[in-house]
>>> print(open('query.tsv').read())   # TSV, C-alpha atoms
chain	number	residue	atom	x	y	z
W	1	MET	CA	-17.87	21.81	-12.43
W	2	LYS	CA	-16.97	18.25	-11.53
W	3	VAL	CA	-13.31	17.43	-12.17
W	4	PRO	CA	-12.89	14.12	-14.05
W	5	PRO	CA	-10.75	11.46	-12.36
W	6	ILE	CA	-7.12	11.13	-13.37
W	7	MET	CA	-6.60	8.38	-15.93
W	8	THR	CA	-3.61	6.51	-14.60
W	9	LYS	CA	-1.54	3.36	-14.96
W	10	LEU	CA	-0.84	3.40	-11.23
W	11	PHE	CA	-3.27	0.58	-10.54
W	12	GLU	CA	-2.30	-1.73	-13.40
W	13	ASN	CA	-0.51	-5.01	-12.73
W	14	GLY	CA	2.74	-5.99	-14.39
W	15	SER	CA	6.03	-7.90	-14.27
W	16	LEU	CA	9.35	-6.81	-12.82
W	17	GLY	CA	11.65	-9.54	-14.05
W	18	ASP	CA	10.51	-12.60	-12.08
W	19	ILE	CA	8.34	-10.53	-9.72
W	20	GLN	CA	4.64	-10.08	-10.54
W	21	VAL	CA	3.07	-6.93	-9.06
W	22	LYS	CA	-0.59	-5.97	-8.72
W	23	ASN	CA	-0.12	-2.21	-9.09
W	24	ARG	CA	2.55	0.44	-9.67
W	25	VAL	CA	2.30	2.10	-6.24
W	26	PHE	CA	5.46	0.90	-4.49
W	27	MET	CA	6.62	1.44	-0.93
W	28	ALA	CA	10.12	2.95	-0.79
W	29	PRO	CA	12.72	1.82	1.77
W	30	LEU	CA	12.27	3.70	5.03
W	31	THR	CA	14.76	3.55	7.89
W	32	ARG	CA	12.79	3.45	11.15
W	33	ASN	CA	15.41	2.32	13.74
W	34	ARG	CA	13.12	-0.14	15.47
W	35	ALA	CA	15.03	-3.42	15.16
W	36	HIS	CA	16.52	-5.30	18.11
W	37	GLY	CA	20.07	-4.42	19.10
W	38	ASP	CA	21.45	-7.56	17.44
W	39	GLY	CA	19.95	-6.62	14.07
W	40	THR	CA	16.96	-8.94	14.31
W	41	PRO	CA	13.77	-7.31	12.97
W	42	HIS	CA	11.39	-6.46	15.80
W	43	GLU	CA	8.16	-8.41	16.26
W	44	MET	CA	6.11	-5.25	15.64
W	45	ALA	CA	7.53	-5.10	12.11
W	46	VAL	CA	5.18	-7.95	11.17
W	47	LYS	CA	2.15	-5.70	11.66
W	48	TYR	CA	3.87	-2.66	10.14
W	49	TYR	CA	4.71	-4.33	6.83
W	50	THR	CA	1.49	-6.37	6.64
W	51	GLN	CA	-0.57	-3.19	6.99
W	52	ARG	CA	1.08	-2.00	3.76
W	53	ALA	CA	0.66	-5.22	1.77
W	54	SER	CA	-1.65	-3.56	-0.77
W	55	ALA	CA	1.42	-1.86	-2.28
W	56	GLY	CA	2.46	-3.30	-5.62
W	57	LEU	CA	5.88	-3.91	-4.09
W	58	ILE	CA	7.31	-3.22	-0.64
W	59	VAL	CA	11.02	-2.41	-0.51
W	60	THR	CA	12.08	-2.94	3.08
W	61	GLU	CA	14.14	-0.58	5.15
W	62	GLY	CA	17.84	-1.05	4.53
W	63	ALA	CA	19.16	-4.27	6.07
W	64	GLN	CA	22.90	-4.45	6.63
W	65	ILE	CA	24.61	-7.39	4.92
W	66	SER	CA	27.15	-7.88	7.72
W	67	PRO	CA	27.99	-6.53	11.18
W	68	GLU	CA	30.59	-4.31	9.47
W	69	GLY	CA	27.88	-2.83	7.25
W	70	GLN	CA	25.89	-1.21	10.06
W	71	GLY	CA	25.84	2.55	10.40
W	72	TYR	CA	22.98	3.42	12.73
W	73	ILE	CA	21.54	2.07	15.97
W	74	ASN	CA	18.71	-0.49	15.81
W	75	THR	CA	18.69	-1.19	12.09
W	76	PRO	CA	17.92	-4.73	10.91
W	77	GLY	CA	20.34	-7.13	9.29
W	78	ILE	CA	20.12	-10.06	6.89
W	79	TYR	CA	23.30	-12.00	7.64
W	80	ASN	CA	22.42	-14.75	10.12
W	81	GLU	CA	19.82	-17.43	10.79
W	82	LYS	CA	18.00	-15.55	13.56
W	83	GLN	CA	17.50	-12.52	11.34
W	84	LYS	CA	16.39	-14.77	8.47
W	85	GLN	CA	13.72	-16.40	10.61
W	86	ALA	CA	12.37	-13.03	11.77
W	87	TRP	CA	12.17	-11.78	8.17
W	88	ALA	CA	10.51	-15.07	7.16
W	89	LYS	CA	7.69	-14.42	9.64
W	90	ILE	CA	7.19	-10.95	8.13
W	91	ASN	CA	7.18	-12.34	4.59
W	92	ARG	CA	4.62	-15.02	5.42
W	93	SER	CA	2.28	-12.40	6.83
W	94	VAL	CA	2.72	-10.00	3.89
W	95	HIS	CA	2.25	-12.79	1.34
W	96	ALA	CA	-0.89	-13.98	3.13
W	97	GLU	CA	-2.36	-10.54	2.36
W	98	GLY	CA	-1.32	-10.75	-1.29
W	99	GLY	CA	1.73	-8.51	-0.96
W	100	LYS	CA	5.17	-8.71	-2.55
W	101	MET	CA	8.37	-7.66	-0.82
W	102	VAL	CA	12.07	-7.29	-1.57
W	103	VAL	CA	14.78	-6.56	0.99
W	104	GLN	CA	17.15	-3.67	0.48
W	105	LEU	CA	20.75	-4.83	0.92
W	106	TRP	CA	22.74	-2.18	2.75
W	107	HIS	CA	26.36	-1.50	3.55
W	108	VAL	CA	26.94	2.02	4.85
W	109	GLY	CA	30.70	2.17	4.27
W	110	ARG	CA	32.18	5.25	5.90
W	111	ILE	CA	28.86	6.46	7.36
W	112	SER	CA	29.31	4.62	10.63
W	113	HIS	CA	30.83	4.88	14.08
W	114	ASN	CA	33.36	2.67	15.88
W	115	SER	CA	30.88	1.93	18.67
W	116	LEU	CA	28.47	0.28	16.21
W	117	LEU	CA	31.04	-2.06	14.69
W	118	PRO	CA	32.56	-5.36	15.89
W	119	GLU	CA	35.22	-4.79	18.55
W	120	GLY	CA	35.11	-1.04	17.91
W	121	SER	CA	36.69	-1.45	14.48
W	122	GLN	CA	36.97	1.30	11.87
W	123	PRO	CA	34.34	1.80	9.19
W	124	VAL	CA	35.45	0.78	5.71
W	125	ALA	CA	35.35	2.82	2.51
W	126	PRO	CA	36.90	2.94	-0.96
W	127	SER	CA	39.41	5.47	0.38
W	128	ALA	CA	40.37	6.68	3.85
W	129	ILE	CA	38.39	9.93	3.62
W	130	GLN	CA	36.30	10.79	6.67
W	131	ALA	CA	32.73	11.97	6.08
W	132	THR	CA	31.48	15.22	7.52
W	133	ALA	CA	28.25	13.49	8.45
W	134	ASP	CA	26.36	12.25	11.49
W	135	THR	CA	25.16	8.86	12.57
W	136	PHE	CA	23.10	7.63	15.52
W	137	THR	CA	24.58	5.56	18.35
W	138	ASP	CA	23.62	4.64	21.91
W	139	LYS	CA	24.84	8.12	22.90
W	140	GLY	CA	22.73	9.93	20.30
W	141	VAL	CA	23.98	11.85	17.28
W	142	GLU	CA	27.73	11.44	16.72
W	143	ASN	CA	30.14	12.26	13.93
W	144	ALA	CA	31.03	9.42	11.57
W	145	SER	CA	34.37	7.82	12.51
W	146	PRO	CA	37.46	7.95	10.27
W	147	PRO	CA	37.34	5.01	7.81
W	148	LYS	CA	40.01	2.73	6.42
W	149	ALA	CA	40.32	1.85	2.74
W	150	LEU	CA	39.24	-1.62	1.69
W	151	ASP	CA	42.02	-3.77	0.25
W	152	SER	CA	41.50	-6.30	-2.56
W	153	ASP	CA	40.81	-9.23	-0.24
W	154	SER	CA	38.34	-7.18	1.80
W	155	ILE	CA	36.48	-6.18	-1.36
W	156	LYS	CA	36.08	-9.87	-2.21
W	157	GLY	CA	34.73	-10.36	1.29
W	158	VAL	CA	32.16	-7.58	0.83
W	159	ILE	CA	30.97	-9.19	-2.42
W	160	ALA	CA	30.66	-12.52	-0.60
W	161	ASP	CA	28.59	-10.81	2.11
W	162	TYR	CA	26.16	-9.49	-0.53
W	163	VAL	CA	25.81	-12.99	-1.95
W	164	GLN	CA	25.20	-14.57	1.46
W	165	ALA	CA	22.63	-11.89	2.34
W	166	SER	CA	20.83	-12.51	-0.97
W	167	ARG	CA	20.74	-16.25	-0.38
W	168	LEU	CA	19.34	-15.76	3.14
W	169	ALA	CA	16.78	-13.29	1.76
W	170	ILE	CA	15.38	-15.76	-0.73
W	171	GLU	CA	15.37	-18.48	1.94
W	172	ALA	CA	13.41	-16.04	4.14
W	173	GLY	CA	10.74	-15.78	1.44
W	174	PHE	CA	11.56	-12.43	-0.10
W	175	ASP	CA	10.49	-12.01	-3.71
W	176	GLY	CA	13.82	-10.41	-4.54
W	177	VAL	CA	16.58	-8.10	-3.34
W	178	GLU	CA	17.44	-4.46	-3.95
W	179	VAL	CA	21.10	-3.45	-3.98
W	180	HIS	CA	21.47	-0.10	-2.21
W	181	ALA	CA	23.92	1.98	-4.26
W	182	ALA	CA	22.49	5.39	-3.36
W	183	ASN	CA	22.54	8.14	-0.73
W	184	GLY	CA	26.27	8.24	-0.04
W	185	TYR	CA	26.68	4.66	1.25
W	186	LEU	CA	29.40	2.16	0.32
W	187	LEU	CA	28.61	1.32	-3.31
W	188	ASN	CA	27.77	4.96	-3.98
W	189	GLN	CA	31.09	5.95	-2.39
W	190	PHE	CA	32.92	3.80	-4.93
W	191	ILE	CA	31.10	5.46	-7.84
W	192	SER	CA	32.18	9.04	-7.11
W	193	ALA	CA	35.65	10.55	-7.37
W	194	HIS	CA	34.68	12.67	-4.34
W	195	THR	CA	34.98	9.60	-2.11
W	196	ASN	CA	37.05	7.26	-4.28
W	197	VAL	CA	40.67	8.24	-5.01
W	198	ARG	CA	41.92	4.69	-5.52
W	199	GLU	CA	44.56	3.93	-8.15
W	200	ASP	CA	43.73	0.25	-8.68
W	201	GLU	CA	41.04	-1.42	-10.81
W	202	TYR	CA	38.32	0.06	-8.58
W	203	GLY	CA	39.35	3.69	-9.02
W	204	GLY	CA	40.16	6.30	-11.63
W	205	SER	CA	37.81	5.96	-14.61
W	206	PRO	CA	33.99	5.82	-14.40
W	207	GLU	CA	34.20	2.21	-15.56
W	208	ASN	CA	36.55	1.31	-12.71
W	209	ARG	CA	34.56	3.18	-10.08
W	210	ALA	CA	31.38	1.36	-11.17
W	211	ARG	CA	33.16	-1.99	-11.09
W	212	LEU	CA	32.22	-2.99	-7.53
W	213	LEU	CA	28.52	-2.27	-8.05
W	214	LEU	CA	28.46	-4.36	-11.22
W	215	GLU	CA	30.45	-7.17	-9.62
W	216	VAL	CA	28.01	-7.22	-6.72
W	217	VAL	CA	25.03	-7.35	-9.09
W	218	ASP	CA	26.59	-10.14	-11.15
W	219	ALA	CA	27.50	-12.18	-8.06
W	220	ILE	CA	24.00	-11.85	-6.60
W	221	ALA	CA	22.42	-12.70	-9.97
W	222	ALA	CA	24.48	-15.89	-10.13
W	223	GLU	CA	23.06	-16.82	-6.72
W	224	VAL	CA	19.36	-15.87	-7.00
W	225	GLY	CA	18.75	-14.97	-10.67
W	226	ILE	CA	18.92	-11.54	-12.31
W	227	GLY	CA	15.11	-11.38	-12.49
W	228	ARG	CA	15.00	-10.99	-8.70
W	229	VAL	CA	17.63	-8.23	-8.47
W	230	GLY	CA	16.93	-4.50	-8.36
W	231	VAL	CA	19.35	-1.60	-7.85
W	232	ARG	CA	18.79	1.79	-6.21
W	233	VAL	CA	20.86	4.84	-7.22
W	234	SER	CA	20.79	8.60	-6.61
W	235	PRO	CA	22.64	10.36	-9.45
W	236	THR	CA	22.04	13.87	-8.07
W	237	GLY	CA	22.20	13.06	-4.36
W	238	THR	CA	24.31	15.01	-1.86
W	239	PHE	CA	23.24	13.24	1.33
W	240	ASN	CA	25.97	12.07	3.73
W	241	ASP	CA	28.63	14.57	2.64
W	242	PHE	CA	28.43	13.33	-0.92
W	243	ALA	CA	29.10	14.92	-4.29
W	244	ASP	CA	29.45	13.59	-7.82
W	245	LEU	CA	30.73	16.15	-10.28
W	246	ASP	CA	30.96	13.47	-12.97
W	247	ALA	CA	27.41	12.16	-12.50
W	248	ALA	CA	26.48	12.41	-16.18
W	249	GLU	CA	29.38	10.26	-17.31
W	250	ASN	CA	29.28	7.91	-14.32
W	251	TYR	CA	25.59	7.10	-14.58
W	252	ARG	CA	25.48	6.94	-18.36
W	253	HIS	CA	27.84	4.01	-18.02
W	254	ILE	CA	25.99	2.47	-15.05
W	255	TYR	CA	22.56	2.74	-16.69
W	256	LYS	CA	23.88	1.15	-19.87
W	257	GLU	CA	25.53	-1.73	-18.04
W	258	LEU	CA	22.53	-2.39	-15.82
W	259	GLY	CA	20.21	-2.20	-18.80
W	260	ASN	CA	22.31	-4.79	-20.62
W	261	ARG	CA	21.99	-7.13	-17.64
W	262	ASN	CA	18.18	-7.20	-17.80
W	263	LEU	CA	17.81	-6.84	-14.04
W	264	ALA	CA	14.35	-6.65	-12.45
W	265	TYR	CA	14.42	-2.87	-12.05
W	266	LEU	CA	16.38	0.32	-11.50
W	267	HIS	CA	15.09	2.42	-8.59
W	268	VAL	CA	16.14	6.07	-8.82
W	269	VAL	CA	16.04	8.70	-6.08
W	270	GLU	CA	15.22	11.80	-8.12
W	271	SER	CA	14.72	14.29	-5.29
W	272	PHE	CA	15.14	14.61	-1.53
W	273	PRO	CA	12.86	16.23	1.08
W	274	GLY	CA	13.63	19.93	1.41
W	275	HIS	CA	15.86	20.01	-1.68
W	276	PRO	CA	14.01	21.09	-4.84
W	277	VAL	CA	15.34	19.62	-8.08
W	278	SER	CA	17.22	22.21	-10.12
W	279	ALA	CA	16.72	22.62	-13.87
W	280	SER	CA	20.12	21.08	-14.60
W	281	GLU	CA	19.41	18.11	-12.31
W	282	GLU	CA	16.04	17.51	-13.94
W	283	LYS	CA	17.67	17.63	-17.37
W	284	LEU	CA	20.26	15.05	-16.30
W	285	LEU	CA	17.69	12.76	-14.66
W	286	SER	CA	15.43	12.91	-17.72
W	287	LYS	CA	18.29	12.16	-20.10
W	288	LEU	CA	19.45	9.23	-18.01
W	289	ARG	CA	15.88	7.94	-17.65
W	290	ARG	CA	15.34	7.95	-21.41
W	291	GLY	CA	18.60	6.06	-21.86
W	292	PHE	CA	17.70	3.18	-19.55
W	293	SER	CA	16.27	0.16	-21.36
W	294	GLY	CA	14.78	-1.71	-18.39
W	295	ASN	CA	12.09	-1.24	-15.74
W	296	TYR	CA	12.49	2.20	-14.16
W	297	ILE	CA	11.07	3.06	-10.73
W	298	ALA	CA	10.90	6.77	-9.94
W	299	ASN	CA	11.14	8.08	-6.37
W	300	GLY	CA	10.97	11.54	-4.89
W	301	ASN	CA	8.08	13.77	-3.83
W	302	TYR	CA	5.50	12.33	-6.24
W	303	ASP	CA	1.75	12.62	-5.81
W	304	LYS	CA	-0.97	10.87	-7.80
W	305	ALA	CA	-0.94	13.37	-10.67
W	306	SER	CA	2.84	13.56	-11.10
W	307	ALA	CA	3.19	9.80	-10.63
W	308	SER	CA	0.60	9.18	-13.34
W	309	GLU	CA	2.46	11.56	-15.63
W	310	ILE	CA	5.84	9.87	-15.18
W	311	LEU	CA	4.24	6.49	-15.89
W	312	GLU	CA	2.89	7.86	-19.17
W	313	LYS	CA	6.46	8.87	-20.03
W	314	GLY	CA	7.66	5.30	-19.67
W	315	SER	CA	8.49	4.67	-16.01
W	316	PHE	CA	7.25	1.32	-14.72
W	317	ALA	CA	6.28	2.42	-11.21
W	318	VAL	CA	6.64	5.13	-8.58
W	319	SER	CA	7.79	4.48	-5.01
W	320	PHE	CA	6.40	6.55	-2.17
W	321	GLY	CA	8.31	7.08	1.06
W	322	ARG	CA	6.89	9.44	3.65
W	323	PRO	CA	3.28	9.00	2.46
W	324	TYR	CA	3.62	5.29	3.29
W	325	ILE	CA	4.77	6.04	6.82
W	326	ALA	CA	1.46	7.69	7.69
W	327	ASN	CA	-0.86	5.90	5.25
W	328	PRO	CA	-0.73	2.11	5.38
W	329	ASP	CA	-3.62	2.06	2.88
W	330	LEU	CA	-1.95	4.48	0.47
W	331	VAL	CA	-3.07	2.55	-2.63
W	332	GLU	CA	-6.71	2.77	-1.58
W	333	ARG	CA	-6.39	6.45	-0.69
W	334	LEU	CA	-4.81	7.31	-4.05
W	335	ARG	CA	-7.43	5.26	-5.89
W	336	GLY	CA	-10.22	7.14	-4.15
W	337	ASP	CA	-8.48	10.55	-4.11
W	338	ALA	CA	-8.80	10.53	-0.33
W	339	LYS	CA	-7.04	12.88	2.07
W	340	LEU	CA	-3.72	11.58	3.42
W	341	ASN	CA	-2.69	11.35	7.06
W	342	GLU	CA	0.17	13.64	8.07
W	343	VAL	CA	3.48	12.22	9.26
W	344	ASP	CA	4.34	12.59	12.95
W	345	GLU	CA	7.93	13.85	12.70
W	346	ALA	CA	8.69	13.10	16.36
W	347	THR	CA	8.21	9.34	15.89
W	348	LEU	CA	10.07	8.80	12.62
W	349	TYR	CA	13.15	7.15	14.13
W	350	GLY	CA	13.16	4.76	17.05
W	351	GLY	CA	10.46	4.10	19.61
W	352	ASP	CA	7.53	1.72	19.77
W	353	GLU	CA	4.26	1.27	17.87
W	354	LYS	CA	3.38	4.95	18.19
W	355	GLY	CA	4.01	6.60	14.84
W	356	TYR	CA	4.89	3.18	13.41
W	357	SER	CA	1.94	0.80	13.23
W	358	ASP	CA	-0.85	2.95	14.72
W	359	TYR	CA	-1.66	5.24	11.77
W	360	PRO	CA	-5.36	4.72	10.92
W	361	THR	CA	-6.65	3.63	7.53
W	362	ARG	CA	-9.38	5.59	5.79
W	363	ASP	CA	-11.93	2.92	6.77
W	364	GLU	CA	-10.86	3.06	10.41
W	365	ILE	CA	-11.27	6.84	10.43
W	366	TYR	CA	-14.72	6.51	8.88
W	367	LEU	CA	-15.86	3.91	11.42
W	368	ARG	CA	-14.47	5.99	14.28
W	369	THR	CA	-16.29	9.07	13.03
W	370	LEU	CA	-19.50	7.09	12.52
W	371	ALA	CA	-19.33	5.74	16.06
W	372	GLU	CA	-18.97	9.24	17.42
W	373	VAL	CA	-22.02	10.40	15.46
W	374	LEU	CA	-24.13	7.47	16.53
>>> encode(input="query.tsv", output="structure tokens")
Amino acid sequence: MKVPPIMTKLFENGSLGDIQVKNRVFMAPLTRNRAHGDGTPHEMAVKYYTQRASAGLIVTEGAQISPEGQGYINTPGIYNEKQKQAWAKINRSVHAEGGKMVVQLWHVGRISHNSLLPEGSQPVAPSAIQATADTFTDKGVENASPPKALDSDSIKGVIADYVQASRLAIEAGFDGVEVHAANGYLLNQFISAHTNVREDEYGGSPENRARLLLEVVDAIAAEVGIGRVGVRVSPTGTFNDFADLDAAENYRHIYKELGNRNLAYLHVVESFPGHPVSASEEKLLSKLRRGFSGNYIANGNYDKASASEILEKGSFAVSFGRPYIANPDLVERLRGDAKLNEVDEATLYGGDEKGYSDYPTRDEIYLRTLAEVL
């Protein structure tokens, strides 16, 4: 018996604040460690992102907002003119193919190493609590260095860095920016009492611990407009030696405040590779999702069927991570229910075009096979 095709909203167009998208199949941010050593995006990133321009929206790999925000070797930045010009070249190419792209604004906080930071300085964090986590340096995998707590003036400086990065992003042609407040990095570190034991206006209550995230969002919105600002969170995440025992209360407040601001979207990491979502986590995620009044983007181990289902429940879009690494034409493959390429694990981080921009599209595979037959 022939199975009928899945009826889905995945391929419908729509509006995310000021950003118009042609479908609901989004590309999630994917760290690939292929930038130049000074944080300038590599020339081969032009081809990589352009190959994926059929996505409704591309969210770039995390781009540090300052030299102090870097946590891994060979990640791109968005804090100076040279980086802006390199991103501008990527944006022009993606836009020429009809794509839309936002840059993910990244500050890693305590997940860094002295050797990656200016003059070997200490990483910064809400509190001086060292992470039991690894990062990648010129020497390979190393433990994260002990951080120092940000003081009030330094916090103002971090906010200013987010604003400058947002301004440069729009000047570089990005359609918007995504504030990275997930996965155990700086803004996420402020949210949780596990990493934030401050006793000032940025610590203590859920409202205080969310303060920096909301101040960052408001400052960026004043610079580029709230309709071009998205936020990424991970309410149940444990990556980077992270825990949030008060997630329900913390994110109830955050979702309400972000919903009131009418931002472009909220991008939620709902699950992580190799870590199945527990019943209690799913209950929390579902409750939070229902309580958010804006555009919700779901992320985490979705396929066409489950993505279609979550759209029917009210989510605006679904972002795909690993499938987009190996399938530059993911939209076309999902539309035609085609088999997906498998990810080459050995080439995920660092290296050259191999495992980066050389994955074949379905059409290329067909033509290659046809040539062999003929």
>>> closest_residue(input="query.tsv", among="W:Gly321, W:Gly56, W:Gly77, W:Gly336", to="Asp175 in chain W", atoms="all atoms listed in the file")
W:Gly56
>>> residues_near_point(input="query.tsv", point="(-2.7, -1.5, -0.2)", cutoff="7 Å", atoms="all atoms listed in the file", output="mmCIF file with C-alpha atoms, in the coordinates of the input")
data_model
loop_
_atom_site.group_PDB
_atom_site.id
_atom_site.type_symbol
_atom_site.label_atom_id
_atom_site.label_comp_id
_atom_site.auth_asym_id
_atom_site.auth_seq_id
_atom_site.Cartn_x
_atom_site.Cartn_y
_atom_site.Cartn_z
ATOM 1 C CA ARG W 52 1.080 -2.000 3.760
ATOM 2 C CA ALA W 53 0.660 -5.220 1.770
ATOM 3 C CA SER W 54 -1.650 -3.560 -0.770
ATOM 4 C CA ALA W 55 1.420 -1.860 -2.280
ATOM 5 C CA PRO W 328 -0.730 2.110 5.380
ATOM 6 C CA ASP W 329 -3.620 2.060 2.880
ATOM 7 C CA LEU W 330 -1.950 4.480 0.470
ATOM 8 C CA VAL W 331 -3.070 2.550 -2.630
ATOM 9 C CA GLU W 332 -6.710 2.770 -1.580
#
>>> atom_distance(input="query.tsv", atom1="CA of Tyr48 in chain W", atom2="CA of Leu266 in chain W")
25.2 Å
>>> atom_distance(input="query.tsv", atom1="CA of Ile65 in chain W", atom2="CA of Ser205 in chain W")
27.1 Å
>>> closest_residue(input="query.tsv", among="W:Arg110, W:Arg335, W:Arg228, W:Arg289", to="Ile19 in chain W", atoms="all atoms listed in the file")
W:Arg228
>>> residues_near_point(input="query.tsv", point="(26.2, -15.5, -1.1)", cutoff="12 Å", atoms="only C-alpha atoms", output="PyMOL selection string")
chain W and resi 65-66+78-80+156-171+216-224
